[in-house]
Amino acid sequence: MQRIVEVRFILPAINNTLICCDGASRGNPGVAGYGFVCRSDQGEFIYAEAKGLGIATNFIVEVMAIVGAAECVLINNKVNICIHSDSSAAVKVYTSGKLPWFIMTRWKRIKELLRNIQFVHSLREINFSADSLAKRGAGLERGVSQIFTTRPNFLSAMESPDRVYYRFR
């Protein structure tokens, strides 16, 4: 029997930048990429990026999405961030500090520069804008990025705190 669950999208605290990120891999491992959307505490679009990673596993792509997004917001002088990811495994490794060895140095440098960081495991039903960018990233060559300073046309809708979303279980 199927159960319907209501889920809601929540904006970050005042003066925090929201980063919704996701990874995509066509196979496990397979051709992969990540994407993220940065939004203000009021929900306005700030920035988005899709990036190709070459061949990677789902887990590695999710981990790379978070570090790539965090580096981007630091470049844009944002030091209070709230990261939403639909990967509970990626959120867990960042919150526990038990990161893969190849990402440790980058993450330590990022943490030194951030004032406040919060991680939220969000369901994929309220992470669809980042999912769209991640799939776009998986279609790019390794190292190639598409950067958007205005909301791209293919993101016809973005998550809204005024809407109820549904998860079917």
# chains A, B, ... in the order shown; residues from 1 in each chain; ligands from 1
call {"tool": "closest_atom_pairs", "arguments": {"of": "range 29-96 of chain A", "to": "range 160-164 of chain A", "cutoff": "12 Å", "atoms": "only C-alpha atoms", "output": "tab-separated table"}}
result
residue	atom	partner	partner_atom	distance
A:Arg39	CA	A:Ser160	CA	11.3
A:Asp41	CA	A:Pro161	CA	11.3
A:Gln42	CA	A:Pro161	CA	9.9
A:Gly43	CA	A:Ser160	CA	7.7
A:Glu44	CA	A:Ser160	CA	10.3
A:Phe45	CA	A:Ser160	CA	11.7
call {"tool": "write_last_selection", "arguments": {"atoms": "C-alpha atoms", "output": "PDB file, in the first residue's frame"}}
result
ATOM      1  CA  ARG A  39      19.664  31.320  -2.885  1.00  0.00           C
ATOM      2  CA  ASP A  41      17.526  33.829   2.942  1.00  0.00           C
ATOM      3  CA  GLN A  42      14.444  35.229   1.158  1.00  0.00           C
ATOM      4  CA  GLY A  43      14.630  32.543  -1.541  1.00  0.00           C
ATOM      5  CA  GLU A  44      15.921  34.733  -4.383  1.00  0.00           C
ATOM      6  CA  PHE A  45      18.182  33.126  -6.962  1.00  0.00           C
TER       7      PHE A  45
END
call {"tool": "residues_around", "arguments": {"residues": "range 97-112 of chain A", "least_positions_apart": "2", "cutoff": "10 Å", "atoms": "only C-alpha atoms", "output": "number ranges by chain"}}
result
A: 60, 63-64, 66-68, 70-71, 73-74, 79, 90-95, 114-117
call {"tool": "write_last_selection", "arguments": {"atoms": "N, CA and C atoms", "output": "mmCIF file, in the first residue's frame"}}
result
data_model
loop_
_atom_site.group_PDB
_atom_site.id
_atom_site.type_symbol
_atom_site.label_atom_id
_atom_site.label_comp_id
_atom_site.auth_asym_id
_atom_site.auth_seq_id
_atom_site.Cartn_x
_atom_site.Cartn_y
_atom_site.Cartn_z
ATOM 1 N N ILE A 60 30.734 9.679 -4.425
ATOM 2 C CA ILE A 60 31.800 10.662 -4.680
ATOM 3 C C ILE A 60 31.223 11.927 -5.293
ATOM 4 N N VAL A 63 29.545 14.036 -2.596
ATOM 5 C CA VAL A 63 30.561 14.677 -1.760
ATOM 6 C C VAL A 63 31.187 15.859 -2.510
ATOM 7 N N MET A 64 31.491 15.666 -3.777
ATOM 8 C CA MET A 64 32.099 16.732 -4.589
ATOM 9 C C MET A 64 31.134 17.900 -4.788
ATOM 10 N N ILE A 66 29.023 19.124 -2.662
ATOM 11 C CA ILE A 66 29.046 19.968 -1.462
ATOM 12 C C ILE A 66 30.307 20.815 -1.414
ATOM 13 N N VAL A 67 31.466 20.210 -1.628
ATOM 14 C CA VAL A 67 32.710 20.972 -1.547
ATOM 15 C C VAL A 67 32.788 22.001 -2.682
ATOM 16 N N GLY A 68 32.334 21.633 -3.877
ATOM 17 C CA GLY A 68 32.335 22.581 -4.998
ATOM 18 C C GLY A 68 31.435 23.774 -4.746
ATOM 19 N N ALA A 70 30.481 24.912 -1.744
ATOM 20 C CA ALA A 70 31.034 25.702 -0.643
ATOM 21 C C ALA A 70 32.179 26.588 -1.127
ATOM 22 N N GLU A 71 33.024 26.067 -1.996
ATOM 23 C CA GLU A 71 34.109 26.883 -2.546
ATOM 24 C C GLU A 71 33.555 28.051 -3.351
ATOM 25 N N VAL A 73 30.642 29.658 -2.976
ATOM 26 C CA VAL A 73 30.058 30.727 -2.158
ATOM 27 C C VAL A 73 31.143 31.533 -1.451
ATOM 28 N N LEU A 74 32.237 30.894 -1.100
ATOM 29 C CA LEU A 74 33.343 31.636 -0.493
ATOM 30 C C LEU A 74 33.935 32.636 -1.482
ATOM 31 N N VAL A 79 29.714 33.791 3.912
ATOM 32 C CA VAL A 79 30.391 33.043 4.977
ATOM 33 C C VAL A 79 29.434 32.350 5.946
ATOM 34 N N ALA A 90 26.346 11.690 2.211
ATOM 35 C CA ALA A 90 27.236 12.844 2.064
ATOM 36 C C ALA A 90 27.110 13.776 3.268
ATOM 37 N N VAL A 91 25.897 14.037 3.706
ATOM 38 C CA VAL A 91 25.691 14.892 4.876
ATOM 39 C C VAL A 91 26.377 14.265 6.092
ATOM 40 N N LYS A 92 26.258 12.962 6.230
ATOM 41 C CA LYS A 92 26.848 12.269 7.377
ATOM 42 C C LYS A 92 28.369 12.379 7.386
ATOM 43 N N VAL A 93 29.041 12.219 6.246
ATOM 44 C CA VAL A 93 30.500 12.290 6.257
ATOM 45 C C VAL A 93 30.980 13.712 6.555
ATOM 46 N N TYR A 94 30.251 14.721 6.101
ATOM 47 C CA TYR A 94 30.645 16.097 6.403
ATOM 48 C C TYR A 94 30.398 16.440 7.876
ATOM 49 N N THR A 95 29.291 16.023 8.427
ATOM 50 C CA THR A 95 28.998 16.354 9.826
ATOM 51 C C THR A 95 29.861 15.542 10.797
ATOM 52 N N LEU A 114 34.670 29.887 6.661
ATOM 53 C CA LEU A 114 33.238 30.039 6.924
ATOM 54 C C LEU A 114 33.002 30.456 8.371
ATOM 55 N N ARG A 115 32.025 31.305 8.565
ATOM 56 C CA ARG A 115 31.633 31.692 9.926
ATOM 57 C C ARG A 115 30.645 30.679 10.495
ATOM 58 N N ASN A 116 29.684 30.279 9.666
ATOM 59 C CA ASN A 116 28.624 29.376 10.111
ATOM 60 C C ASN A 116 28.253 28.445 8.965
ATOM 61 N N ILE A 117 28.141 27.172 9.284
ATOM 62 C CA ILE A 117 27.723 26.200 8.275
ATOM 63 C C ILE A 117 26.730 25.234 8.909
#
call {"tool": "select_by_dssp", "arguments": {"residues": "range 11-97 of chain A", "states": "strand (DSSP E or B)", "output": "ChimeraX atom specification"}}
result
/A:17-27,30-39,45-56,80-85
call {"tool": "select_by_dssp", "arguments": {"residues": "chain A", "states": "alpha helix (DSSP H)", "output": "ChimeraX atom specification"}}
result
/A:58-75,88-96,104-113,128-138
call {"tool": "atom_distance", "arguments": {"atom1": "CA of Ala130 in chain A", "atom2": "CA of Gly143 in chain A"}}
result
18.2 Å
call {"tool": "residues_around", "arguments": {"residues": "Ser122 in chain A", "least_positions_apart": "4", "cutoff": "12 Å", "atoms": "only C-alpha atoms", "output": "JSON, numbers by chain"}}
result
{"A": [7, 8, 9, 10, 11, 19, 20, 21, 22, 82, 83, 84, 85, 86, 87, 88, 89, 90, 91, 126, 127, 128, 130, 131, 159, 167]}
call {"tool": "write_last_selection", "arguments": {"atoms": "N, CA and C atoms", "output": "JSON list (two decimals), in the first residue's frame"}}
result
[["chain", "number", "residue", "atom", "x", "y", "z"],
["A", 7, "VAL", "N", 5.80, 17.05, 2.36],
["A", 7, "VAL", "CA", 7.11, 17.60, 2.72],
["A", 7, "VAL", "C", 7.13, 19.09, 2.37],
["A", 8, "ARG", "N", 7.92, 19.84, 3.12],
["A", 8, "ARG", "CA", 8.00, 21.28, 2.91],
["A", 8, "ARG", "C", 9.45, 21.71, 2.73],
["A", 9, "PHE", "N", 9.62, 22.71, 1.91],
["A", 9, "PHE", "CA", 10.91, 23.33, 1.67],
["A", 9, "PHE", "C", 11.07, 24.49, 2.65],
["A", 10, "ILE", "N", 12.22, 24.58, 3.30],
["A", 10, "ILE", "CA", 12.44, 25.61, 4.31],
["A", 10, "ILE", "C", 13.64, 26.47, 3.91],
["A", 11, "LEU", "N", 13.46, 27.78, 4.00],
["A", 11, "LEU", "CA", 14.55, 28.71, 3.73],
["A", 11, "LEU", "C", 15.49, 28.77, 4.92],
["A", 19, "ILE", "N", 22.31, 26.72, -0.08],
["A", 19, "ILE", "CA", 22.91, 26.01, -1.21],
["A", 19, "ILE", "C", 22.21, 24.66, -1.33],
["A", 20, "CYS", "N", 21.47, 24.49, -2.40],
["A", 20, "CYS", "CA", 20.85, 23.19, -2.70],
["A", 20, "CYS", "C", 21.76, 22.50, -3.69],
["A", 21, "CYS", "N", 22.32, 21.34, -3.32],
["A", 21, "CYS", "CA", 23.25, 20.67, -4.21],
["A", 21, "CYS", "C", 22.88, 19.22, -4.41],
["A", 22, "ASP", "N", 23.37, 18.70, -5.54],
["A", 22, "ASP", "CA", 23.07, 17.31, -5.89],
["A", 22, "ASP", "C", 24.13, 16.81, -6.85],
["A", 82, "CYS", "N", 23.91, 27.41, 4.52],
["A", 82, "CYS", "CA", 23.09, 26.26, 4.86],
["A", 82, "CYS", "C", 23.06, 25.37, 3.63],
["A", 83, "ILE", "N", 23.61, 24.17, 3.75],
["A", 83, "ILE", "CA", 23.71, 23.25, 2.62],
["A", 83, "ILE", "C", 22.61, 22.21, 2.71],
["A", 84, "HIS", "N", 21.79, 22.13, 1.66],
["A", 84, "HIS", "CA", 20.77, 21.10, 1.52],
["A", 84, "HIS", "C", 21.28, 20.06, 0.53],
["A", 85, "SER", "N", 21.25, 18.81, 0.92],
["A", 85, "SER", "CA", 21.64, 17.72, 0.03],
["A", 85, "SER", "C", 20.65, 16.58, 0.23],
["A", 86, "ASP", "N", 20.31, 15.91, -0.86],
["A", 86, "ASP", "CA", 19.41, 14.76, -0.73],
["A", 86, "ASP", "C", 20.19, 13.47, -0.48],
["A", 87, "SER", "N", 21.50, 13.59, -0.26],
["A", 87, "SER", "CA", 22.33, 12.42, 0.06],
["A", 87, "SER", "C", 22.61, 12.38, 1.56],
["A", 88, "SER", "N", 21.94, 11.48, 2.27],
["A", 88, "SER", "CA", 22.18, 11.37, 3.71],
["A", 88, "SER", "C", 23.61, 10.91, 3.98],
["A", 89, "ALA", "N", 24.18, 10.09, 3.09],
["A", 89, "ALA", "CA", 25.56, 9.62, 3.27],
["A", 89, "ALA", "C", 26.55, 10.78, 3.17],
["A", 90, "ALA", "N", 26.35, 11.69, 2.21],
["A", 90, "ALA", "CA", 27.24, 12.84, 2.06],
["A", 90, "ALA", "C", 27.11, 13.78, 3.27],
["A", 91, "VAL", "N", 25.90, 14.04, 3.71],
["A", 91, "VAL", "CA", 25.69, 14.89, 4.88],
["A", 91, "VAL", "C", 26.38, 14.27, 6.09],
["A", 126, "ILE", "N", 12.15, 17.95, -2.65],
["A", 126, "ILE", "CA", 12.35, 19.38, -2.42],
["A", 126, "ILE", "C", 13.79, 19.78, -2.74],
["A", 127, "ASN", "N", 14.38, 19.08, -3.70],
["A", 127, "ASN", "CA", 15.74, 19.39, -4.17],
["A", 127, "ASN", "C", 15.80, 19.28, -5.69],
["A", 128, "PHE", "N", 14.68, 19.55, -6.34],
["A", 128, "PHE", "CA", 14.59, 19.31, -7.78],
["A", 128, "PHE", "C", 15.38, 20.29, -8.64],
["A", 130, "ALA", "N", 18.40, 21.56, -7.93],
["A", 130, "ALA", "CA", 19.77, 21.05, -7.91],
["A", 130, "ALA", "C", 19.88, 19.76, -8.71],
["A", 131, "ASP", "N", 18.86, 18.92, -8.65],
["A", 131, "ASP", "CA", 18.83, 17.67, -9.40],
["A", 131, "ASP", "C", 18.92, 17.96, -10.90],
["A", 159, "GLU", "N", 12.04, 25.40, -5.79],
["A", 159, "GLU", "CA", 11.37, 25.04, -4.56],
["A", 159, "GLU", "C", 10.86, 26.29, -3.85],
["A", 167, "ARG", "N", 5.64, 13.16, -1.20],
["A", 167, "ARG", "CA", 6.50, 12.01, -1.39],
["A", 167, "ARG", "C", 5.64, 10.77, -1.31]]
call {"tool": "residues_around", "arguments": {"residues": "Leu140 in chain A", "least_positions_apart": "4", "cutoff": "7 Å", "atoms": "only C-alpha atoms", "output": "tab-separated table (two decimals) with N, CA, C and O atoms, in the first residue's frame"}}
result
chain	number	residue	atom	x	y	z
A	51	LYS	N	28.55	21.09	-13.25
A	51	LYS	CA	29.94	20.76	-13.56
A	51	LYS	C	30.09	19.28	-13.88
A	51	LYS	O	29.55	18.43	-13.17
A	52	GLY	N	30.84	18.99	-14.93
A	52	GLY	CA	31.14	17.62	-15.31
A	52	GLY	C	32.32	17.10	-14.52
A	52	GLY	O	33.30	17.81	-14.30
A	136	ARG	N	22.45	17.95	-15.74
A	136	ARG	CA	23.09	18.76	-16.76
A	136	ARG	C	24.62	18.62	-16.65
A	136	ARG	O	25.32	18.48	-17.65
A	144	VAL	N	34.44	20.73	-17.11
A	144	VAL	CA	33.68	21.80	-17.77
A	144	VAL	C	32.53	22.22	-16.87
A	144	VAL	O	31.81	21.39	-16.32
call {"tool": "residues_around", "arguments": {"residues": "Glu49 in chain A", "least_positions_apart": "2", "cutoff": "10 Å", "atoms": "only C-alpha atoms", "output": "JSON, numbers by chain"}}
result
{"A": [21, 34, 35, 36, 37, 38, 47, 51, 65, 68, 69, 72, 130, 133, 134, 136, 137, 145, 146, 147, 148, 149]}
call {"tool": "write_last_selection", "arguments": {"atoms": "N, CA and C atoms", "output": "CSV table (one decimal), in the first residue's frame"}}
result
chain,number,residue,atom,x,y,z
A,21,CYS,N,22.3,21.3,-3.3
A,21,CYS,CA,23.3,20.7,-4.2
A,21,CYS,C,22.9,19.2,-4.4
A,34,TYR,N,27.9,17.3,-11.1
A,34,TYR,CA,27.1,17.8,-10.0
A,34,TYR,C,26.5,19.2,-10.4
A,35,GLY,N,25.6,19.6,-9.5
A,35,GLY,CA,25.0,20.9,-9.7
A,35,GLY,C,24.5,21.5,-8.4
A,36,PHE,N,24.5,22.8,-8.3
A,36,PHE,CA,24.0,23.5,-7.1
A,36,PHE,C,23.3,24.8,-7.5
A,37,VAL,N,22.4,25.2,-6.6
A,37,VAL,CA,21.8,26.5,-6.7
A,37,VAL,C,22.0,27.2,-5.4
A,38,CYS,N,22.4,28.5,-5.5
A,38,CYS,CA,22.6,29.3,-4.3
A,38,CYS,C,21.4,30.3,-4.3
A,47,TYR,N,22.9,32.3,-7.8
A,47,TYR,CA,23.9,31.7,-8.6
A,47,TYR,C,23.6,30.2,-8.8
A,51,LYS,N,28.5,21.1,-13.2
A,51,LYS,CA,29.9,20.8,-13.6
A,51,LYS,C,30.1,19.3,-13.9
A,65,ALA,N,29.8,17.6,-4.9
A,65,ALA,CA,28.8,18.7,-5.0
A,65,ALA,C,28.9,19.7,-3.9
A,68,GLY,N,32.3,21.6,-3.9
A,68,GLY,CA,32.3,22.6,-5.0
A,68,GLY,C,31.4,23.8,-4.7
A,69,ALA,N,30.3,23.5,-4.2
A,69,ALA,CA,29.3,24.6,-3.9
A,69,ALA,C,29.9,25.5,-2.8
A,72,CYS,N,32.5,27.8,-4.1
A,72,CYS,CA,31.9,28.9,-4.9
A,72,CYS,C,31.3,30.0,-4.0
A,130,ALA,N,18.4,21.6,-7.9
A,130,ALA,CA,19.8,21.1,-7.9
A,130,ALA,C,19.9,19.8,-8.7
A,133,LEU,N,20.3,20.6,-12.3
A,133,LEU,CA,21.6,21.0,-12.6
A,133,LEU,C,22.6,19.9,-12.6
A,134,ALA,N,22.5,18.9,-11.7
A,134,ALA,CA,23.4,17.8,-11.6
A,134,ALA,C,23.3,16.9,-12.8
A,136,ARG,N,22.5,18.0,-15.7
A,136,ARG,CA,23.1,18.8,-16.8
A,136,ARG,C,24.6,18.6,-16.7
A,137,GLY,N,25.1,18.6,-15.4
A,137,GLY,CA,26.6,18.4,-15.2
A,137,GLY,C,27.1,17.1,-15.7
A,145,SER,N,32.4,23.5,-16.7
A,145,SER,CA,31.3,24.1,-15.9
A,145,SER,C,30.4,25.0,-16.7
A,146,GLN,N,29.1,25.0,-16.3
A,146,GLN,CA,28.2,26.0,-16.8
A,146,GLN,C,27.8,26.8,-15.6
A,147,ILE,N,28.0,28.1,-15.7
A,147,ILE,CA,27.7,29.0,-14.6
A,147,ILE,C,26.6,29.9,-15.0
A,148,PHE,N,25.6,30.1,-14.0
A,148,PHE,CA,24.4,30.9,-14.3
A,148,PHE,C,24.3,32.0,-13.2
A,149,THR,N,24.4,33.2,-13.6
A,149,THR,CA,24.2,34.3,-12.7
A,149,THR,C,22.8,34.9,-12.7
call {"tool": "closest_residue", "arguments": {"among": "A:Ala157, A:Val61, A:Ile81, A:Glu6", "to": "Phe119 in chain A", "atoms": "only C-alpha atoms"}}
result
A:Ile81
call {"tool": "atom_distance", "arguments": {"atom1": "CA of Gly33 in chain A", "atom2": "CA of Lys135 in chain A"}}
result
6.9 Å
call {"tool": "closest_residue", "arguments": {"among": "A:Asn80, A:Asn28, A:Gln2, A:Ser156", "to": "Gln118 in chain A", "atoms": "only C-alpha atoms"}}
result
A:Asn80
call {"tool": "residues_around", "arguments": {"residues": "Ala32 in chain A", "least_positions_apart": "6", "cutoff": "8 Å", "atoms": "only C-alpha atoms", "output": "list in words"}}
result
Gly23, Ala24, Ser25, Arg26, Gly52, Leu53, Gly54, Ile55, Ala56, Thr57, Asn58, Val61, Gly137, Ala138 and Gly139 of chain A
call {"tool": "write_last_selection", "arguments": {"atoms": "all heavy atoms", "output": "PDB file, in the first residue's frame"}}
result
ATOM      1  N   GLY A  23      24.283  15.506  -6.887  1.00  0.00           N
ATOM      2  CA  GLY A  23      25.177  14.859  -7.829  1.00  0.00           C
ATOM      3  C   GLY A  23      24.399  13.886  -8.672  1.00  0.00           C
ATOM      4  O   GLY A  23      23.319  13.432  -8.278  1.00  0.00           O
ATOM      5  N   ALA A  24      24.934  13.569  -9.847  1.00  0.00           N
ATOM      6  CA  ALA A  24      24.289  12.601 -10.732  1.00  0.00           C
ATOM      7  C   ALA A  24      25.364  11.758 -11.403  1.00  0.00           C
ATOM      8  O   ALA A  24      26.397  12.283 -11.821  1.00  0.00           O
ATOM      9  CB  ALA A  24      23.451  13.314 -11.786  1.00  0.00           C
ATOM     10  N   SER A  25      25.120  10.465 -11.462  1.00  0.00           N
ATOM     11  CA  SER A  25      26.036   9.547 -12.122  1.00  0.00           C
ATOM     12  C   SER A  25      25.216   8.603 -12.986  1.00  0.00           C
ATOM     13  O   SER A  25      24.258   7.998 -12.509  1.00  0.00           O
ATOM     14  CB  SER A  25      26.822   8.755 -11.077  1.00  0.00           C
ATOM     15  OG  SER A  25      27.690   7.834 -11.696  1.00  0.00           O
ATOM     16  N   ARG A  26      25.564   8.517 -14.249  1.00  0.00           N
ATOM     17  CA  ARG A  26      24.867   7.616 -15.176  1.00  0.00           C
ATOM     18  C   ARG A  26      25.543   6.253 -15.115  1.00  0.00           C
ATOM     19  O   ARG A  26      26.357   5.907 -15.955  1.00  0.00           O
ATOM     20  CB  ARG A  26      24.898   8.187 -16.583  1.00  0.00           C
ATOM     21  CG  ARG A  26      24.159   9.492 -16.688  1.00  0.00           C
ATOM     22  CD  ARG A  26      24.221  10.056 -18.080  1.00  0.00           C
ATOM     23  NE  ARG A  26      23.508  11.328 -18.112  1.00  0.00           N
ATOM     24  CZ  ARG A  26      23.784  12.296 -18.950  1.00  0.00           C
ATOM     25  NH1 ARG A  26      24.734  12.142 -19.850  1.00  0.00           N
ATOM     26  NH2 ARG A  26      23.101  13.409 -18.923  1.00  0.00           N
ATOM     27  N   GLY A  52      30.837  18.990 -14.933  1.00  0.00           N
ATOM     28  CA  GLY A  52      31.143  17.616 -15.307  1.00  0.00           C
ATOM     29  C   GLY A  52      32.324  17.096 -14.516  1.00  0.00           C
ATOM     30  O   GLY A  52      33.295  17.813 -14.295  1.00  0.00           O
ATOM     31  N   LEU A  53      32.248  15.835 -14.077  1.00  0.00           N
ATOM     32  CA  LEU A  53      33.321  15.243 -13.269  1.00  0.00           C
ATOM     33  C   LEU A  53      34.003  14.057 -13.929  1.00  0.00           C
ATOM     34  O   LEU A  53      34.934  13.506 -13.356  1.00  0.00           O
ATOM     35  CB  LEU A  53      32.778  14.801 -11.906  1.00  0.00           C
ATOM     36  CG  LEU A  53      32.368  15.909 -10.949  1.00  0.00           C
ATOM     37  CD1 LEU A  53      31.823  15.311  -9.670  1.00  0.00           C
ATOM     38  CD2 LEU A  53      33.531  16.834 -10.654  1.00  0.00           C
ATOM     39  N   GLY A  54      33.537  13.624 -15.079  1.00  0.00           N
ATOM     40  CA  GLY A  54      34.102  12.422 -15.674  1.00  0.00           C
ATOM     41  C   GLY A  54      33.442  11.193 -15.079  1.00  0.00           C
ATOM     42  O   GLY A  54      32.246  11.194 -14.804  1.00  0.00           O
ATOM     43  N   ILE A  55      34.209  10.149 -14.836  1.00  0.00           N
ATOM     44  CA  ILE A  55      33.674   8.898 -14.283  1.00  0.00           C
ATOM     45  C   ILE A  55      33.795   8.938 -12.754  1.00  0.00           C
ATOM     46  O   ILE A  55      34.867   9.202 -12.212  1.00  0.00           O
ATOM     47  CB  ILE A  55      34.453   7.673 -14.821  1.00  0.00           C
ATOM     48  CG1 ILE A  55      34.451   7.645 -16.349  1.00  0.00           C
ATOM     49  CG2 ILE A  55      33.879   6.372 -14.239  1.00  0.00           C
ATOM     50  CD1 ILE A  55      33.082   7.500 -16.981  1.00  0.00           C
ATOM     51  N   ALA A  56      32.685   8.681 -12.079  1.00  0.00           N
ATOM     52  CA  ALA A  56      32.675   8.677 -10.605  1.00  0.00           C
ATOM     53  C   ALA A  56      31.482   7.880 -10.102  1.00  0.00           C
ATOM     54  O   ALA A  56      30.535   7.621 -10.837  1.00  0.00           O
ATOM     55  CB  ALA A  56      32.619  10.108 -10.072  1.00  0.00           C
ATOM     56  N   THR A  57      31.526   7.535  -8.813  1.00  0.00           N
ATOM     57  CA  THR A  57      30.397   6.854  -8.175  1.00  0.00           C
ATOM     58  C   THR A  57      29.393   7.896  -7.684  1.00  0.00           C
ATOM     59  O   THR A  57      29.721   9.083  -7.542  1.00  0.00           O
ATOM     60  CB  THR A  57      30.850   6.015  -6.963  1.00  0.00           C
ATOM     61  OG1 THR A  57      31.368   6.896  -5.966  1.00  0.00           O
ATOM     62  CG2 THR A  57      31.879   4.972  -7.361  1.00  0.00           C
ATOM     63  N   ASN A  58      28.201   7.438  -7.377  1.00  0.00           N
ATOM     64  CA  ASN A  58      27.164   8.333  -6.842  1.00  0.00           C
ATOM     65  C   ASN A  58      27.641   9.027  -5.567  1.00  0.00           C
ATOM     66  O   ASN A  58      27.460  10.235  -5.402  1.00  0.00           O
ATOM     67  CB  ASN A  58      25.880   7.554  -6.537  1.00  0.00           C
ATOM     68  CG  ASN A  58      25.216   7.033  -7.780  1.00  0.00           C
ATOM     69  OD1 ASN A  58      25.348   7.598  -8.855  1.00  0.00           O
ATOM     70  ND2 ASN A  58      24.503   5.926  -7.637  1.00  0.00           N
ATOM     71  N   VAL A  61      30.279  11.778  -6.198  1.00  0.00           N
ATOM     72  CA  VAL A  61      29.673  12.947  -6.844  1.00  0.00           C
ATOM     73  C   VAL A  61      28.912  13.793  -5.821  1.00  0.00           C
ATOM     74  O   VAL A  61      28.988  15.023  -5.841  1.00  0.00           O
ATOM     75  CB  VAL A  61      28.746  12.500  -7.992  1.00  0.00           C
ATOM     76  CG1 VAL A  61      28.003  13.657  -8.581  1.00  0.00           C
ATOM     77  CG2 VAL A  61      29.551  11.816  -9.067  1.00  0.00           C
ATOM     78  N   GLY A 137      25.126  18.624 -15.408  1.00  0.00           N
ATOM     79  CA  GLY A 137      26.557  18.445 -15.186  1.00  0.00           C
ATOM     80  C   GLY A 137      27.057  17.096 -15.671  1.00  0.00           C
ATOM     81  O   GLY A 137      28.159  16.990 -16.211  1.00  0.00           O
ATOM     82  N   ALA A 138      26.254  16.052 -15.502  1.00  0.00           N
ATOM     83  CA  ALA A 138      26.646  14.710 -15.948  1.00  0.00           C
ATOM     84  C   ALA A 138      26.760  14.644 -17.468  1.00  0.00           C
ATOM     85  O   ALA A 138      27.410  13.740 -18.000  1.00  0.00           O
ATOM     86  CB  ALA A 138      25.648  13.671 -15.444  1.00  0.00           C
ATOM     87  N   GLY A 139      26.164  15.592 -18.159  1.00  0.00           N
ATOM     88  CA  GLY A 139      26.267  15.646 -19.617  1.00  0.00           C
ATOM     89  C   GLY A 139      27.441  16.476 -20.110  1.00  0.00           C
ATOM     90  O   GLY A 139      27.660  16.603 -21.309  1.00  0.00           O
TER      91      GLY A 139
END
